[in-house]
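Q: Shown below is the structure under consideration.
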Amino acid sequence: KYNDGTFAIDFKEMTASLEGKALVFTPLEYRLLKIFTKNPQNVLTRQMLLERLWDIDENFVDEHALTVAVSRVRNKIETNGLQYIKTVYGMGYMWVGGVQK
């Protein structure tokens, strides 16, 4: 589980909410969020994320799918001037957990 008081996720139940309103994520987006929330403040390279997102059925996640998933997650949770996922140029992404932009 992850909960910062504004954004909450229950990975077992596959449920999430932002300011009490339910959010819907795809299985890929949940996996991405799980990786991010388990590694806060760590730069996760695109390569590292791609390797971890490779699912048990070996459905390949390519660079484009990763970019789209990060973008979709951002659009769903980065409201009211909050930033959760910071792009670290030339390296990857970092979970910063709801800081003011």
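Identifiers in this document derive from the order of the structure tokens: chains are assigned A, B, ..., residues are numbered from 1 separately in each chain, and ligands are numbered from 1 in order of occurrence.
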Mind checking which residues fall within 12 Å of A:Glu29, counting only C-alpha atoms, ignoring those fewer than 2 positions away in the same chain, and posting them as a PyMOL selection string?
A: chain A and resi 9+11+14-16+23-27+31-36+49+53+61+65-77
Q: Keeping N, CA and C atoms, export the residues of the selection given above as an mmCIF file, in the first residue's frame.
A:
data_model
loop_
_atom_site.group_PDB
_atom_site.id
_atom_site.type_symbol
_atom_site.label_atom_id
_atom_site.label_comp_id
_atom_site.auth_asym_id
_atom_site.auth_seq_id
_atom_site.Cartn_x
_atom_site.Cartn_y
_atom_site.Cartn_z
ATOM 1 N N ILE A 9 -2.906 4.103 -2.861
ATOM 2 C CA ILE A 9 -2.985 2.915 -3.722
ATOM 3 C C ILE A 9 -2.977 1.678 -2.837
ATOM 4 N N PHE A 11 -2.219 -2.046 -3.640
ATOM 5 C CA PHE A 11 -1.749 -2.900 -4.734
ATOM 6 C C PHE A 11 -2.414 -4.275 -4.736
ATOM 7 N N MET A 14 -5.837 -3.596 -6.086
ATOM 8 C CA MET A 14 -5.760 -2.873 -7.364
ATOM 9 C C MET A 14 -6.768 -1.715 -7.361
ATOM 10 N N THR A 15 -6.731 -0.929 -6.280
ATOM 11 C CA THR A 15 -7.575 0.258 -6.179
ATOM 12 C C THR A 15 -6.690 1.456 -5.866
ATOM 13 N N ALA A 16 -7.171 2.619 -6.272
ATOM 14 C CA ALA A 16 -6.419 3.841 -6.018
ATOM 15 C C ALA A 16 -7.389 5.013 -5.926
ATOM 16 N N LEU A 23 -9.555 6.296 -8.730
ATOM 17 C CA LEU A 23 -8.795 6.376 -9.982
ATOM 18 C C LEU A 23 -8.733 4.984 -10.588
ATOM 19 N N VAL A 24 -8.652 4.937 -11.901
ATOM 20 C CA VAL A 24 -8.528 3.650 -12.585
ATOM 21 C C VAL A 24 -7.166 3.605 -13.286
ATOM 22 N N PHE A 25 -6.425 2.549 -13.002
ATOM 23 C CA PHE A 25 -5.133 2.339 -13.655
ATOM 24 C C PHE A 25 -5.139 0.993 -14.360
ATOM 25 N N THR A 26 -4.345 0.875 -15.419
ATOM 26 C CA THR A 26 -4.173 -0.404 -16.104
ATOM 27 C C THR A 26 -3.205 -1.257 -15.271
ATOM 28 N N PRO A 27 -3.176 -2.573 -15.511
ATOM 29 C CA PRO A 27 -2.200 -3.414 -14.792
ATOM 30 C C PRO A 27 -0.763 -2.915 -14.961
ATOM 31 N N ARG A 31 1.823 -1.702 -11.983
ATOM 32 C CA ARG A 31 3.187 -2.240 -11.810
ATOM 33 C C ARG A 31 4.200 -1.102 -11.762
ATOM 34 N N LEU A 32 4.003 -0.123 -12.637
ATOM 35 C CA LEU A 32 4.894 1.034 -12.677
ATOM 36 C C LEU A 32 4.822 1.798 -11.351
ATOM 37 N N LEU A 33 3.613 2.044 -10.859
ATOM 38 C CA LEU A 33 3.440 2.755 -9.586
ATOM 39 C C LEU A 33 4.069 1.990 -8.425
ATOM 40 N N LYS A 34 3.950 0.672 -8.460
ATOM 41 C CA LYS A 34 4.529 -0.142 -7.390
ATOM 42 C C LYS A 34 6.051 0.009 -7.371
ATOM 43 N N ILE A 35 6.674 -0.034 -8.533
ATOM 44 C CA ILE A 35 8.126 0.132 -8.623
ATOM 45 C C ILE A 35 8.520 1.513 -8.097
ATOM 46 N N PHE A 36 7.790 2.542 -8.553
ATOM 47 C CA PHE A 36 8.105 3.907 -8.107
ATOM 48 C C PHE A 36 7.952 4.068 -6.596
ATOM 49 N N LEU A 49 13.528 0.244 -15.385
ATOM 50 C CA LEU A 49 12.065 0.156 -15.383
ATOM 51 C C LEU A 49 11.577 -0.859 -16.410
ATOM 52 N N LEU A 53 9.371 -4.129 -15.545
ATOM 53 C CA LEU A 53 7.990 -4.157 -16.036
ATOM 54 C C LEU A 53 7.698 -5.375 -16.902
ATOM 55 N N VAL A 61 7.505 -4.879 -22.788
ATOM 56 C CA VAL A 61 7.180 -3.476 -22.602
ATOM 57 C C VAL A 61 8.309 -2.694 -23.253
ATOM 58 N N ALA A 65 5.926 2.275 -24.826
ATOM 59 C CA ALA A 65 4.890 1.888 -23.856
ATOM 60 C C ALA A 65 5.219 2.464 -22.474
ATOM 61 N N LEU A 66 6.494 2.488 -22.116
ATOM 62 C CA LEU A 66 6.919 3.049 -20.835
ATOM 63 C C LEU A 66 6.620 4.552 -20.789
ATOM 64 N N THR A 67 6.990 5.263 -21.847
ATOM 65 C CA THR A 67 6.750 6.702 -21.924
ATOM 66 C C THR A 67 5.259 7.013 -21.808
ATOM 67 N N VAL A 68 4.446 6.249 -22.531
ATOM 68 C CA VAL A 68 2.992 6.444 -22.509
ATOM 69 C C VAL A 68 2.432 6.157 -21.117
ATOM 70 N N ALA A 69 2.889 5.069 -20.484
ATOM 71 C CA ALA A 69 2.406 4.702 -19.148
ATOM 72 C C ALA A 69 2.750 5.790 -18.128
ATOM 73 N N VAL A 70 3.978 6.299 -18.175
ATOM 74 C CA VAL A 70 4.391 7.363 -17.245
ATOM 75 C C VAL A 70 3.528 8.604 -17.473
ATOM 76 N N SER A 71 3.307 8.935 -18.729
ATOM 77 C CA SER A 71 2.499 10.099 -19.079
ATOM 78 C C SER A 71 1.059 9.949 -18.585
ATOM 79 N N ARG A 72 0.476 8.756 -18.774
ATOM 80 C CA ARG A 72 -0.896 8.506 -18.319
ATOM 81 C C ARG A 72 -1.010 8.601 -16.804
ATOM 82 N N VAL A 73 -0.037 8.011 -16.099
ATOM 83 C CA VAL A 73 -0.050 8.059 -14.631
ATOM 84 C C VAL A 73 0.041 9.516 -14.169
ATOM 85 N N ARG A 74 0.946 10.274 -14.792
ATOM 86 C CA ARG A 74 1.101 11.690 -14.428
ATOM 87 C C ARG A 74 -0.213 12.447 -14.620
ATOM 88 N N ASN A 75 -0.873 12.209 -15.761
ATOM 89 C CA ASN A 75 -2.120 12.914 -16.048
ATOM 90 C C ASN A 75 -3.198 12.606 -15.014
ATOM 91 N N LYS A 76 -3.163 11.416 -14.452
ATOM 92 C CA LYS A 76 -4.170 11.015 -13.469
ATOM 93 C C LYS A 76 -3.888 11.542 -12.067
ATOM 94 N N ILE A 77 -2.612 11.645 -11.686
ATOM 95 C CA ILE A 77 -2.309 11.983 -10.291
ATOM 96 C C ILE A 77 -1.681 13.358 -10.080
#
Q: What lies within 10 Å of A:Val43 using only C-alpha atoms, ignoring chain neighbours under 5 positions off, as a list in words?
A: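 In the requested form, the answer reads Phe36, Met48, Lys86, Thr87, Val88, Met91, Gly92, Tyr93, Met94, Trp95 and Val96 of chain A.
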Q: Could you turn the residues from that selection into a file that holds N, CA, C and O atoms, as a compact mmCIF listing (two decimals), in the first residue's frame?
A:
# COMPACT_ATOMS: atom_id res chain seq x y z
N PHE A 36 7.79 2.54 -8.55
CA PHE A 36 8.10 3.91 -8.11
C PHE A 36 7.95 4.07 -6.60
O PHE A 36 8.84 4.59 -5.94
N MET A 48 16.16 0.07 -16.33
CA MET A 48 15.78 -0.62 -15.09
C MET A 48 14.26 -0.82 -15.05
O MET A 48 13.77 -1.90 -14.72
N LYS A 86 9.27 12.77 -11.21
CA LYS A 86 10.20 13.76 -11.76
C LYS A 86 11.00 13.11 -12.88
O LYS A 86 11.51 11.99 -12.71
N THR A 87 11.12 13.79 -14.01
CA THR A 87 11.96 13.30 -15.09
C THR A 87 13.39 13.73 -14.79
O THR A 87 13.64 14.91 -14.54
N VAL A 88 14.29 12.77 -14.79
CA VAL A 88 15.71 13.08 -14.59
C VAL A 88 16.34 12.96 -15.98
O VAL A 88 16.55 11.85 -16.48
N MET A 91 18.52 10.24 -17.87
CA MET A 91 18.67 9.08 -17.00
C MET A 91 17.39 8.27 -16.86
O MET A 91 17.37 7.09 -17.13
N GLY A 92 16.32 8.92 -16.40
CA GLY A 92 15.08 8.17 -16.20
C GLY A 92 14.09 8.99 -15.40
O GLY A 92 13.90 10.18 -15.66
N TYR A 93 13.52 8.36 -14.36
CA TYR A 93 12.50 9.02 -13.56
C TYR A 93 12.75 8.80 -12.07
O TYR A 93 13.41 7.85 -11.68
N MET A 94 12.16 9.70 -11.26
CA MET A 94 12.27 9.57 -9.82
C MET A 94 10.91 9.86 -9.19
O MET A 94 10.23 10.82 -9.58
N TRP A 95 10.50 9.02 -8.23
CA TRP A 95 9.26 9.24 -7.48
C TRP A 95 9.57 10.26 -6.40
O TRP A 95 10.40 10.02 -5.53
N VAL A 96 8.90 11.43 -6.49
CA VAL A 96 9.13 12.48 -5.49
C VAL A 96 7.94 12.64 -4.55
O VAL A 96 8.01 13.40 -3.59
Q: Taking the backbone alone, and naming residues the way the document does, which bits of chain A are helix (DSSP H, G or I) by DSSP, as a ChimeraX atom specification?
A: /A:27-38,46-53,63-77
Q: Could you check how far atom CA of A:Tyr2 sits from atom CA of A:Lys101, in Å to one decimal?
A: 20.6 Å
Q: Write out as a VMD selection string each polymer residue whose atoms come within 9 Å of A:Gly97, counting only C-alpha atoms; drop sequence neighbours fewer than 3 positions from it.
A: chain A and resid 4 7 37 40 to 41 82 to 85
Q: Can you write out the residues you just picked, keeping all heavy atoms, as a PDB file, in the first residue's frame?
A:
ATOM      1  N   ASP A   4      -0.109   8.947   0.868  1.00  0.00           N
ATOM      2  CA  ASP A   4       0.567  10.164   1.331  1.00  0.00           C
ATOM      3  C   ASP A   4      -0.428  11.201   1.838  1.00  0.00           C
ATOM      4  O   ASP A   4      -0.089  12.360   2.017  1.00  0.00           O
ATOM      5  CB  ASP A   4       1.454  10.748   0.222  1.00  0.00           C
ATOM      6  CG  ASP A   4       0.652  11.212  -0.989  1.00  0.00           C
ATOM      7  OD1 ASP A   4      -0.578  11.403  -0.895  1.00  0.00           O
ATOM      8  OD2 ASP A   4       1.287  11.407  -2.056  1.00  0.00           O
ATOM      9  N   PHE A   7      -2.879  10.952  -2.228  1.00  0.00           N
ATOM     10  CA  PHE A   7      -2.912   9.867  -3.195  1.00  0.00           C
ATOM     11  C   PHE A   7      -2.716   8.544  -2.463  1.00  0.00           C
ATOM     12  O   PHE A   7      -1.795   8.417  -1.662  1.00  0.00           O
ATOM     13  CB  PHE A   7      -1.809  10.085  -4.237  1.00  0.00           C
ATOM     14  CG  PHE A   7      -1.693   8.997  -5.267  1.00  0.00           C
ATOM     15  CD1 PHE A   7      -2.806   8.538  -5.944  1.00  0.00           C
ATOM     16  CD2 PHE A   7      -0.465   8.446  -5.563  1.00  0.00           C
ATOM     17  CE1 PHE A   7      -2.695   7.536  -6.898  1.00  0.00           C
ATOM     18  CE2 PHE A   7      -0.341   7.453  -6.516  1.00  0.00           C
ATOM     19  CZ  PHE A   7      -1.462   6.993  -7.193  1.00  0.00           C
ATOM     20  N   THR A  37       6.811   3.632  -6.048  1.00  0.00           N
ATOM     21  CA  THR A  37       6.557   3.874  -4.628  1.00  0.00           C
ATOM     22  C   THR A  37       7.459   3.051  -3.718  1.00  0.00           C
ATOM     23  O   THR A  37       7.680   3.418  -2.568  1.00  0.00           O
ATOM     24  CB  THR A  37       5.073   3.633  -4.264  1.00  0.00           C
ATOM     25  OG1 THR A  37       4.703   2.296  -4.601  1.00  0.00           O
ATOM     26  CG2 THR A  37       4.167   4.622  -4.982  1.00  0.00           C
ATOM     27  N   PRO A  40      11.348   5.325  -3.498  1.00  0.00           N
ATOM     28  CA  PRO A  40      11.225   6.782  -3.497  1.00  0.00           C
ATOM     29  C   PRO A  40      12.585   7.470  -3.485  1.00  0.00           C
ATOM     30  O   PRO A  40      13.531   6.964  -2.898  1.00  0.00           O
ATOM     31  CB  PRO A  40      10.456   7.069  -2.202  1.00  0.00           C
ATOM     32  CG  PRO A  40      10.759   5.912  -1.317  1.00  0.00           C
ATOM     33  CD  PRO A  40      10.903   4.728  -2.239  1.00  0.00           C
ATOM     34  N   GLN A  41      12.633   8.599  -4.176  1.00  0.00           N
ATOM     35  CA  GLN A  41      13.837   9.437  -4.231  1.00  0.00           C
ATOM     36  C   GLN A  41      15.031   8.745  -4.890  1.00  0.00           C
ATOM     37  O   GLN A  41      16.157   9.224  -4.768  1.00  0.00           O
ATOM     38  CB  GLN A  41      14.235   9.952  -2.830  1.00  0.00           C
ATOM     39  CG  GLN A  41      13.128  10.677  -2.101  1.00  0.00           C
ATOM     40  CD  GLN A  41      12.616  11.914  -2.827  1.00  0.00           C
ATOM     41  OE1 GLN A  41      13.365  12.609  -3.499  1.00  0.00           O
ATOM     42  NE2 GLN A  41      11.321  12.195  -2.712  1.00  0.00           N
ATOM     43  N   LEU A  82       0.706  19.436  -7.990  1.00  0.00           N
ATOM     44  CA  LEU A  82       1.551  18.431  -7.340  1.00  0.00           C
ATOM     45  C   LEU A  82       2.364  17.650  -8.363  1.00  0.00           C
ATOM     46  O   LEU A  82       1.884  17.351  -9.449  1.00  0.00           O
ATOM     47  CB  LEU A  82       0.689  17.432  -6.543  1.00  0.00           C
ATOM     48  CG  LEU A  82      -0.034  17.984  -5.323  1.00  0.00           C
ATOM     49  CD1 LEU A  82      -0.842  16.877  -4.661  1.00  0.00           C
ATOM     50  CD2 LEU A  82       0.940  18.586  -4.322  1.00  0.00           C
ATOM     51  N   GLN A  83       3.570  17.323  -8.004  1.00  0.00           N
ATOM     52  CA  GLN A  83       4.419  16.489  -8.853  1.00  0.00           C
ATOM     53  C   GLN A  83       4.760  15.216  -8.099  1.00  0.00           C
ATOM     54  O   GLN A  83       5.164  15.263  -6.936  1.00  0.00           O
ATOM     55  CB  GLN A  83       5.710  17.226  -9.225  1.00  0.00           C
ATOM     56  CG  GLN A  83       6.616  16.385 -10.119  1.00  0.00           C
ATOM     57  CD  GLN A  83       7.914  17.087 -10.490  1.00  0.00           C
ATOM     58  OE1 GLN A  83       8.438  17.899  -9.733  1.00  0.00           O
ATOM     59  NE2 GLN A  83       8.422  16.768 -11.651  1.00  0.00           N
ATOM     60  N   TYR A  84       4.549  14.091  -8.763  1.00  0.00           N
ATOM     61  CA  TYR A  84       4.892  12.796  -8.167  1.00  0.00           C
ATOM     62  C   TYR A  84       6.078  12.154  -8.869  1.00  0.00           C
ATOM     63  O   TYR A  84       6.897  11.513  -8.239  1.00  0.00           O
ATOM     64  CB  TYR A  84       3.693  11.837  -8.238  1.00  0.00           C
ATOM     65  CG  TYR A  84       2.678  12.093  -7.156  1.00  0.00           C
ATOM     66  CD1 TYR A  84       1.622  12.963  -7.356  1.00  0.00           C
ATOM     67  CD2 TYR A  84       2.797  11.483  -5.916  1.00  0.00           C
ATOM     68  CE1 TYR A  84       0.698  13.211  -6.348  1.00  0.00           C
ATOM     69  CE2 TYR A  84       1.880  11.722  -4.900  1.00  0.00           C
ATOM     70  CZ  TYR A  84       0.832  12.586  -5.128  1.00  0.00           C
ATOM     71  OH  TYR A  84      -0.070  12.836  -4.132  1.00  0.00           O
ATOM     72  N   ILE A  85       6.121  12.307 -10.173  1.00  0.00           N
ATOM     73  CA  ILE A  85       7.180  11.655 -10.953  1.00  0.00           C
ATOM     74  C   ILE A  85       8.028  12.743 -11.600  1.00  0.00           C
ATOM     75  O   ILE A  85       7.542  13.530 -12.405  1.00  0.00           O
ATOM     76  CB  ILE A  85       6.585  10.740 -12.040  1.00  0.00           C
ATOM     77  CG1 ILE A  85       5.686   9.675 -11.406  1.00  0.00           C
ATOM     78  CG2 ILE A  85       7.712  10.082 -12.850  1.00  0.00           C
ATOM     79  CD1 ILE A  85       4.826   8.917 -12.414  1.00  0.00           C
TER      80      ILE A  85
END
Q: Quick one: everything within 10 Å of A:Asp62, counting only C-alpha atoms, minus sequence neighbours fewer than 5 positions away in the same chain. Send it as an NGL selection string.
A: :A and (46-47 or 50-51 or 53-54 or 67)
Q: Restricting it to C-alpha atoms, dump the selection as a short mmCIF file (atom, residue, chain, number, x, y, z; two decimals), in the first residue's frame.
A:
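Heads up, here's the output in again.cif:
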data_model
loop_
_atom_site.label_atom_id
_atom_site.label_comp_id
_atom_site.auth_asym_id
_atom_site.auth_seq_id
_atom_site.Cartn_x
_atom_site.Cartn_y
_atom_site.Cartn_z
CA ARG A 46 14.43 3.64 -18.29
CA GLN A 47 16.35 0.38 -18.73
CA LEU A 50 11.75 -1.78 -18.64
CA GLU A 51 13.43 -4.83 -17.08
CA LEU A 53 7.99 -4.16 -16.04
CA TRP A 54 8.61 -7.24 -18.14
CA THR A 67 6.75 6.70 -21.92
#
Q: Here is a test: counting only C-alpha atoms, which residue of A:Leu44, A:Asn39, A:Phe60, A:Leu18 is nearest to A:Glu78?
A: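 For A:Glu78, the nearest of the given residues is A:Leu18.
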Q: Choose the residue, out of A:Lys12, A:His64, A:Asn42, A:Gly98, that has the smallest atom-to-atom separation from A:Tyr30; count only C-alpha atoms.
A: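 Of A:Lys12, A:His64, A:Asn42, A:Gly98, the one nearest A:Tyr30 is A:Lys12, counting only C-alpha atoms.
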Q: Residues of chain A classed as strand (DSSP E) by DSSP on the backbone are to be reported as number ranges by chain.
A: A: 2-3, 7-10, 15-18, 21-23, 43-45, 82-88, 92-100
Q: As an exercise, work out the distance from atom CA of A:Asn80 to atom CA of A:Asp10 in Å and give it to one decimal place.
A: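 Value for the atom CA of A:Asn80-atom CA of A:Asp10 distance: 22.3 Å.
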